[in-house]
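The next block holds one structure in the form of C-alpha cells; read it before the comments.
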Amino acid sequence: MIRHVIKRLLLAIPTLLGVTFITFLLIKSVPGDPALSLVGERANPETIAAIRQELGVDQPTIVQYAGYLRLILKGELGRSYYTNRIVADDIREKFPNTFRLAMAAMFFASTIGIGLGVIMGVTRSSIWDRIGSIIAMAGVSLPVFWIGLLLMFFFSFVLRLLPPSGMGDGNLLYLILPASTLGINSAAYIARITRSSILDVISQPFLVTAAAKGLSRARVIFKHALRNAMIPIITLIGLDFGSYLNGAVLTETIFGWDGIGLYALDGIIKRDYPVVMGTVLVGAAVFVLINIAVDICYVFLNPQIRIRTTGREPG
Amino acid sequence: MRNSFFTYIARNNTMALLGLAALVIIVLAGLLGPHLYPYDPLAIDLDHIKSPPSLEHPCGTDSTGRDILSRILFGARISLFISITAAFGAMLIGLLFGLLAGYFSGPIDTGLSMVTDIALAFPSLLLAIGITVIFPPGITTVVIALSLVGWASFARLVRGLTLSYKESLFVEASRAIGCPTGRILFRHILPNCVSTILVALSLKMGTFILAESALSFLGLGVQPPIPTWGSMVGLNRMYIHSAPWMVFFPGLAIAVSTLAFNLLGDALRDYFDPHVNV
C-alpha cells in the first residue's frame, strides 16, 4: 500500500510540471517583455533586472521555463502591477478565507446531497424519487452566480434574514449564503451518486438479513446500506472539493468574500496578469494535490484495493 | 429495428421530451426571434428605464431602457453558437488524441495520456480564465479557450473505447485483410464510438453553456454592447434588489438551456445503453 501511495505521489510530479508549463506558456503569450509582465512596469529596476536575469529573457524557451520554475520554487509568483505587493503573500493571506468557505460548502453539499440521495434511493421509483431526481438534475444545471444572486435577493432583501455580503469577522451567519451557493451544484451531484450507490447495495443479501433479523428500517438504511455505499460518495465529495476553486471565483465575487476568488477577479478586471496567473497556478496546484489526497484516502477506505495492492507487493 | 430516439423519449422519458422541446424553442428563438420581435437589443430608451415585466416588455427593461427579452433572444445565438462550436472543437481534438492513444500502445499512448492527464488536472474555469484574460476577448477566444479546456474528457473516453475495440474480432479481421491503420481507426473503430460520443457531446454542450456564461459574467466573454446571458447577469447584478428581473430572466435562460442539454444527454445514455432497453 505504501508503494501505491509513493507511486501516486511520483505521478503528481509530471502533472504539476505540466500545470506550471501551461501557466508559463500563458505568461509568455502576454505581448511584450515577460519579465515586465511578471512584475509590472512600476516595480523597481533592481527587481525587474533580477527577474529578467532569472527568466533568461533572451535564452531559448526551455531555459526560460527552467528559470520560471526556479522562481516558483522560491515562492516568487510576481508582483501586482497596481499595488506592487508580492502575489504569493497576498495569496497566502487570502487562502484561509477561501478554505473556510470551501469547508462550509462541503458540509452543506454533503448533508443535503446525502440526505436527498438516501431518500431517493430508498423510495426508488416513487413520486419522491422522481421529484428528487428533477431537483438534482436542476441543481447540476444551475449557474452558480445566478443562484447566488437569487438567494441573496430572497434571504437578504425580501426576508431580511441573512447579511447580503461581506465576511462579518467570522460571524457564521455571513457564511450561510456563500457556502450554500458554492455547494449547490456539488449537492446535486452527491445526491445523484448517493442514490445510485444506495441502489447498488440495497438488494444485497446482507441487507435482507439485517431487515429479517428485525432491525429498524432507519438502522438498516443508515448503519448497513449507507455505510457500504459510502466509498463512491466520499470520492466524489473529495473531488468536488477541488472544483470549489472554480466556483469560488464566482461565489466570492457575488458575496464580496475576501478570498483568492475575489482576488483573481480583481486581477481580471485590471488585467493584472501576475495576480491572475498566480491564482491560476496556485489553484491548479491545490486541485492536483487534493485529487492525490482523495486518491490515497480511497485506498485506505476501500479494502478491495488495499488487498489487491498489498497482494502485489513481494513478501 | 428498434424505436427511434424520438419515439423512445416520447414513450418513456417525459422530462427529456420537455428538454428537447425547450432546446428546439431556444434554437428557433435565437434564429428567428431577433427578426420577429419588435425591439432592438441595443436600442436605448431613457423613458423606460428599469421597467418591471409588463405586456409591452415581457421581461422588463434594464438600466438604460433596453428590452431584456430582445437581449435574451440575441444572447441565445451567442451562447448556443459558442457552446456547440466549442463542444465540437473539444470533441475533435479529444477524438484524435483518444483514437491514437488507444490504438497505439507504448510511448505514443504514454505521451498522449500524460498530456490528457495534465489537462484534466487543471480546474477548468481557472484555465479558461487564464486563456481568455490574455488573448483579445471575443467569440473566437472563448471558443478556443473552451475547446482547450474540454477536450481531455473526450480523449479519455475515446481512448478507453478504442482500447476495448482494438482487441475485438472485427478489428483483427480488417487488419488481417490488410486495411490501412487510418481506415481501421476511422471506418471501423470510430463508428462504434459514436453513441458514447453523442452522449458526452450533449452533456458537454450543457457544461459549456454554463462555462461561457461564467466567463461573460466575469467580463471575459463576448464584450458589450453585444448582449450575452452571462454578461447580462454580471453587469446587472448591482440592481438585484431594485430590479431583480434584470438578473432573473437571463439566468433563467442559462439554467433552462443547460438543463435541456443535460436531460437530453441522460436520455441518450439510457437509449443507447442496452441494459436499460432490454
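Going through the C-alpha cells in order, the chains are called A, B, and so on, while each chain numbers its residues from 1 and the ligands are numbered from 1 in the order shown.
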Exercise. For chain A, work out the contacting residues on chain B at 9 Å, counting only C-alpha atoms, and write them as number ranges by chain.
Key: B: 15, 114-115, 117-119, 121-127, 129-131, 133-135, 206-207, 210-211, 213-214, 217-220, 230, 233-234, 237, 240-241, 244, 247-248, 250-252, 254-260, 262-263
Practice problem: as a PyMOL selection string, please: all residues of range 28-272 of chain B that backbone DSSP puts in helix (DSSP H, G or I). | Solution: chain B and resi 28-36+46-48+68-103+107-121+124-134+139-166+169-176+181-217+229-239+245-272
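Across the structure, CA of Val275 in chain A and CA of Thr141 in chain B are spaced 20.7 Å apart.
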Exercise. Fewer than 5 positions away in the same chain doesn't count, so skip those; otherwise give me all residues within 6 Å of Ala155 in chain B, counting only C-alpha atoms, as a ChimeraX atom specification.
Key: /B:94-95,97-98
Export of prior selection with N, CA and C atoms as a short mmCIF file (atom, residue, chain, number, x, y, z; two decimals), in the first residue's frame:
```cif
data_model
loop_
_atom_site.label_atom_id
_atom_site.label_comp_id
_atom_site.auth_asym_id
_atom_site.auth_seq_id
_atom_site.Cartn_x
_atom_site.Cartn_y
_atom_site.Cartn_z
N GLY B 94 -10.22 15.75 -28.83
CA GLY B 94 -10.25 14.58 -27.95
C GLY B 94 -10.30 13.28 -28.73
N LEU B 95 -11.06 13.31 -29.83
CA LEU B 95 -11.21 12.12 -30.68
C LEU B 95 -9.86 11.67 -31.23
N PHE B 97 -6.78 12.50 -30.16
CA PHE B 97 -5.92 12.04 -29.08
C PHE B 97 -6.33 10.66 -28.61
N GLY B 98 -7.63 10.47 -28.41
CA GLY B 98 -8.11 9.22 -27.85
C GLY B 98 -7.88 8.04 -28.78
#
```
Self-check item: Neighbour list for Val294 in chain A as a ChimeraX atom specification, cut-off 7 Å, only C-alpha atoms, skip fewer than 4 positions in-chain
Solution: /A:235,238-239,290,298
Restrict the selected residues to C-alpha atoms and save them as a PDB file, in the first residue's frame.
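Saved result, out37.pdb, follows:
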```pdb
ATOM      1  CA  THR A 235     -14.597  10.058  -3.515  1.00  0.00           C
ATOM      2  CA  GLY A 238     -13.257  14.918  -2.208  1.00  0.00           C
ATOM      3  CA  LEU A 239     -13.019  15.531  -5.942  1.00  0.00           C
ATOM      4  CA  ILE A 290      -6.390  17.447  -3.323  1.00  0.00           C
ATOM      5  CA  TYR A 298      -9.618   5.955  -1.379  1.00  0.00           C
TER       6      TYR A 298
END
```
